[in-house]
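Q: Contents of query-v4.pdb (PDB, C-alpha atoms):
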```
ATOM      1  CA  MET A  11      16.164   8.066  10.312
ATOM      2  CA  LEU A  12      16.388   4.929  12.428
ATOM      3  CA  LYS A  13      13.271   3.485  10.795
ATOM      4  CA  GLU A  14      14.693   4.117   7.334
ATOM      5  CA  ALA A  15      18.010   2.469   8.283
ATOM      6  CA  LEU A  16      16.243  -0.608   9.682
ATOM      7  CA  VAL A  17      14.099  -0.994   6.551
ATOM      8  CA  LEU A  18      16.993  -0.473   4.149
ATOM      9  CA  ALA A  19      19.116  -3.006   6.045
ATOM     10  CA  ALA A  20      16.310  -5.588   6.013
ATOM     11  CA  LEU A  21      15.677  -5.077   2.298
ATOM     12  CA  SER A  22      19.390  -5.325   1.480
ATOM     13  CA  LEU A  23      19.496  -8.638   3.356
ATOM     14  CA  GLY A  24      16.679  -9.930   1.154
ATOM     15  CA  GLN A  25      13.931  -9.958   3.776
ATOM     16  CA  THR A  26      10.413 -10.039   2.358
ATOM     17  CA  PRO A  27       7.920  -7.622   3.917
ATOM     18  CA  SER A  28       4.744  -8.961   5.501
ATOM     19  CA  VAL A  29       1.442  -7.617   4.194
ATOM     20  CA  VAL A  30      -0.754  -5.634   6.591
ATOM     21  CA  ASP A  31      -3.456  -4.729   4.076
ATOM     22  CA  GLY A  32      -3.760  -3.847   0.382
ATOM     23  CA  ASP A  33      -1.545  -0.766   0.614
ATOM     24  CA  THR A  34       0.569  -1.285   3.734
ATOM     25  CA  VAL A  35       3.452  -3.657   4.455
ATOM     26  CA  ARG A  36       5.729  -4.229   7.437
ATOM     27  CA  ILE A  37       9.428  -5.023   7.473
ATOM     28  CA  ALA A  38      11.828  -4.972  10.421
ATOM     29  CA  GLY A  39       8.853  -3.975  12.598
ATOM     30  CA  VAL A  40       8.270  -0.804  10.558
ATOM     31  CA  ARG A  41       4.988  -0.114   8.759
ATOM     32  CA  ILE A  42       5.301   1.233   5.212
ATOM     33  CA  ARG A  43       2.496   2.904   3.233
ATOM     34  CA  LEU A  44       2.671   2.038  -0.459
ATOM     35  CA  THR A  45       2.232   5.171  -2.553
ATOM     36  CA  ASP A  46       0.148   6.246  -5.536
ATOM     37  CA  TYR A  47      -2.914   4.112  -4.774
ATOM     38  CA  ASP A  48      -5.403   3.503  -2.011
ATOM     39  CA  SER A  49      -6.969   0.131  -1.256
ATOM     40  CA  PRO A  50     -10.216  -0.549   0.599
ATOM     41  CA  GLU A  51      -9.988  -0.408   4.391
ATOM     42  CA  LEU A  52      -9.502  -3.818   5.965
ATOM     43  CA  PHE A  53      -9.628  -2.725   9.600
ATOM     44  CA  SER A  54     -12.453  -0.178   9.420
ATOM     45  CA  PRO A  55     -14.632  -1.114   6.425
ATOM     46  CA  LYS A  56     -17.803   0.897   5.986
ATOM     47  CA  CYS A  57     -19.788  -1.957   4.382
ATOM     48  CA  PRO A  58     -19.509  -5.677   3.543
ATOM     49  CA  ARG A  59     -18.465  -4.849  -0.042
ATOM     50  CA  GLU A  60     -15.490  -2.803   1.192
ATOM     51  CA  LEU A  61     -14.441  -5.616   3.526
ATOM     52  CA  ALA A  62     -14.573  -8.184   0.700
ATOM     53  CA  LEU A  63     -12.518  -5.937  -1.593
ATOM     54  CA  ALA A  64     -10.041  -5.215   1.212
ATOM     55  CA  GLN A  65      -9.540  -8.929   1.821
ATOM     56  CA  ALA A  66      -9.016  -9.482  -1.921
ATOM     57  CA  ALA A  67      -6.504  -6.604  -2.069
ATOM     58  CA  LYS A  68      -4.537  -8.063   0.840
ATOM     59  CA  LEU A  69      -4.506 -11.517  -0.773
ATOM     60  CA  GLU A  70      -3.309 -10.089  -4.088
ATOM     61  CA  LEU A  71      -0.494  -8.162  -2.421
ATOM     62  CA  GLU A  72       0.488 -11.275  -0.425
ATOM     63  CA  ARG A  73       0.641 -13.219  -3.690
ATOM     64  CA  LEU A  74       2.977 -10.622  -5.219
ATOM     65  CA  ILE A  75       5.050  -9.342  -2.312
ATOM     66  CA  SER A  76       8.114 -11.521  -2.930
ATOM     67  CA  ARG A  77       8.412  -9.946  -6.414
ATOM     68  CA  VAL A  78       7.728  -6.343  -5.361
ATOM     69  CA  LYS A  79      10.713  -4.003  -5.317
ATOM     70  CA  LEU A  80      10.309  -1.260  -2.718
ATOM     71  CA  GLU A  81      11.954   2.149  -2.886
ATOM     72  CA  LEU A  82      11.546   4.430   0.111
ATOM     73  CA  VAL A  83      10.233   7.882  -0.828
ATOM     74  CA  PRO A  84       9.386  10.939   1.255
ATOM     75  CA  CYS A  85       5.833  10.922   2.603
ATOM     76  CA  ALA A  86       3.684  13.854   1.523
ATOM     77  CA  THR A  87       1.882  13.939   4.892
ATOM     78  CA  THR A  88       2.595  12.743   8.436
ATOM     79  CA  ASN A  89       1.050   9.377   7.485
ATOM     80  CA  TYR A  90       0.435   8.053  11.019
ATOM     81  CA  GLY A  91       4.163   7.492  11.610
ATOM     82  CA  ARG A  92       4.562   5.119   8.680
ATOM     83  CA  LEU A  93       7.295   5.365   6.086
ATOM     84  CA  CYS A  94       6.314   5.558   2.404
ATOM     85  CA  ALA A  95       7.551   3.486  -0.528
ATOM     86  CA  GLU A  96       6.873   3.097  -4.213
ATOM     87  CA  GLY A  97       6.440  -0.515  -5.240
ATOM     88  CA  THR A  98       7.232  -1.974  -8.650
ATOM     89  CA  ILE A  99       6.859  -5.406 -10.208
ATOM     90  CA  ASN A 100       9.196  -6.028 -13.146
ATOM     91  CA  GLY A 101       9.527  -2.274 -13.571
ATOM     92  CA  LYS A 102       5.750  -1.673 -13.608
ATOM     93  CA  PRO A 103       4.213   0.406 -10.801
ATOM     94  CA  LEU A 104       2.452  -1.726  -8.200
ATOM     95  CA  SER A 105      -0.246   0.958  -8.100
ATOM     96  CA  GLU A 106      -1.158   0.213 -11.751
ATOM     97  CA  HIS A 107      -1.389  -3.503 -11.005
ATOM     98  CA  MET A 108      -3.746  -3.005  -8.073
ATOM     99  CA  ILE A 109      -5.876  -0.380  -9.855
ATOM    100  CA  GLU A 110      -6.238  -2.533 -13.002
ATOM    101  CA  ARG A 111      -7.676  -5.319 -10.833
ATOM    102  CA  GLY A 112     -10.169  -3.059  -9.065
ATOM    103  CA  LEU A 113      -8.282  -3.437  -5.773
ATOM    104  CA  GLY A 114      -7.129   0.169  -5.550
ATOM    105  CA  THR A 115      -7.786   3.665  -6.827
ATOM    106  CA  ALA A 116      -5.317   6.337  -7.831
ATOM    107  CA  TYR A 117      -4.314   8.245  -4.708
ATOM    108  CA  VAL A 118      -1.433  10.662  -5.094
ATOM    109  CA  CYS A 119      -0.731  13.024  -2.222
ATOM    110  CA  LYS A 120       1.072  16.360  -2.409
ATOM    111  CA  PRO A 121       3.078  17.885   0.462
ATOM    112  CA  GLY A 122       0.613  18.464   3.301
ATOM    113  CA  TRP A 123      -2.461  17.336   1.308
ATOM    114  CA  CYS A 124      -4.122  14.124   0.153
ATOM    115  CA  PRO A 125      -7.264  13.803  -1.995
ATOM    116  CA  ALA A 126     -10.561  12.616  -0.561
ATOM    117  CA  LYS A 127     -10.882   8.841  -0.490
ATOM    118  CA  ILE A 128     -13.562   7.174  -2.597
ATOM    119  CA  SER A 129     -16.451   5.150  -1.215
ATOM    120  CA  TRP A 130     -15.937   1.438  -1.836
ATOM    121  CA  CYS A 131     -19.563   0.887  -0.820
ATOM    122  CA  ASP A 132     -20.909   2.494  -4.011
ATOM    123  CA  GLN A 133     -22.366  -0.448  -5.950
ATOM    124  CA  SER A 134     -21.851   1.331  -9.294
ATOM    125  CA  ARG A 135     -18.063   1.007  -8.879
ATOM    126  CA  ASN A 136     -16.527  -1.946 -10.666
TER
END
```
Written as structure tokens, that's how I'd like the structure from this file.
A:
Amino acid sequence: MLKEALVLAALSLGQTPSVVDGDTVRIAGVRIRLTDYDSPELFSPKCPRELALAQAAKLELERLISRVKLELVPCATTNYGRLCAEGTINGKPLSEHMIERGLGTAYVCKPGWCPAKISWCDQSRN
């Protein structure tokens, strides 16, 4: 509850989150997992292609972050201690924006379960 209070206070004061990677931000020292999409792994890429896409996803989110509205939502899984939030840009889901640009894939978890992640190293993916 303390994490949620810190994040809500920071957001209400107009603080802009910093971008950790293509689907994670940090505000008031608290990491927040953005929901409904998964971006390539920046810190443990499995191939050069995944690293390049992860860097592009982070840059895109950095470009947008000042316009992203965050709404804290319950996490479906333990999520490594992070909070979860849905992001929107002008009322449009952030997940759609990232997926349309090839910088994320749909990734919707249910209570206690998340789908398998895709391989960003597959060259047939566009």
Q: Give me the result of the PyMOL selection byres ((chain A and resi 104-110) around 12) on this file, residue by residue, as an NGL selection string.
A: :A and (32-33 or 43-50 or 63-64 or 66-71 or 73-75 or 77-81 or 95-103 or 111-118 or 136)
Q: Using all atoms listed in the file, which residues sit within 12 Å of Gly91 in chain A once same-chain residues fewer than 5 positions away are excluded, as number ranges by chain?
A: A: 13-14, 40-43, 85-86
Q: Using only C-alpha atoms, pick whichever of A:Gln65, A:Trp123, A:Pro55, A:Val17 has the shortest atom-to-atom distance to Val29 in chain A.
A: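 Nearest candidate to Val29 in chain A out of A:Gln65, A:Trp123, A:Pro55, A:Val17: A:Gln65.
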Q: On this structure, the PyMOL selection byres ((chain A and resi 88) around 12) would catch which residues? List them as a list in words, sorted by chain and number.
A: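 The output of the PyMOL selection byres ((chain A and resi 88) around 12) on this file is Arg43, Pro84, Cys85, Ala86, Thr87, Asn89, Tyr90, Gly91, Arg92, Leu93, Cys94, Cys119, Lys120, Pro121, Gly122, Trp123 and Cys124 of chain A.
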Q: Restricting the calculation to all atoms listed in the file, which member of A:Leu12, A:Pro58, A:Phe53, A:Ser22 is positioned closest to Gly39 in chain A?
A: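 Using all atoms listed in the file, the shortest distance to Gly39 in chain A belongs to A:Leu12.
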Q: Which is closer to Pro27 in chain A than all the others in A:Ser76, A:Cys57, A:Met11, A:Ala62, using only C-alpha atoms?
A: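 Looking only at the distances to Pro27 in chain A, the closest residue turns out to be A:Ser76.
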Q: Can you pull out the residues contacting Ala20 in chain A? Cut-off 8 Å, using only C-alpha atoms, and skip same-chain residues under 5 positions away; I want them as a list in words.
A: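 The residues satisfying every condition are Gln25, Ile37 and Ala38 of chain A.
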Q: What gap, in Å, lies between CA of Arg59 in chain A and CA of Ser129 in chain A?
A: 10.3 Å
Q: Please measure the separation of CA of Ala19 in chain A and CA of Thr34 in chain A, giving the value in Å to one decimal.
A: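 Separating CA of Ala19 in chain A from CA of Thr34 in chain A is a distance of 18.8 Å.
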Q: Quick check, in Å to one decimal: how far apart do CA of Leu82 in chain A and CA of Leu61 in chain A lie?
A: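 CA of Leu61 in chain A lies 28.1 Å from CA of Leu82 in chain A.
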Q: Looking at all atoms listed in the file, which of A:Ser54, A:Leu18, A:Glu72, A:Trp130 is the one that sits closest to Val30 in chain A?
A: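 Between A:Ser54, A:Leu18, A:Glu72, A:Trp130, the residue approaching Val30 in chain A most closely is A:Glu72.
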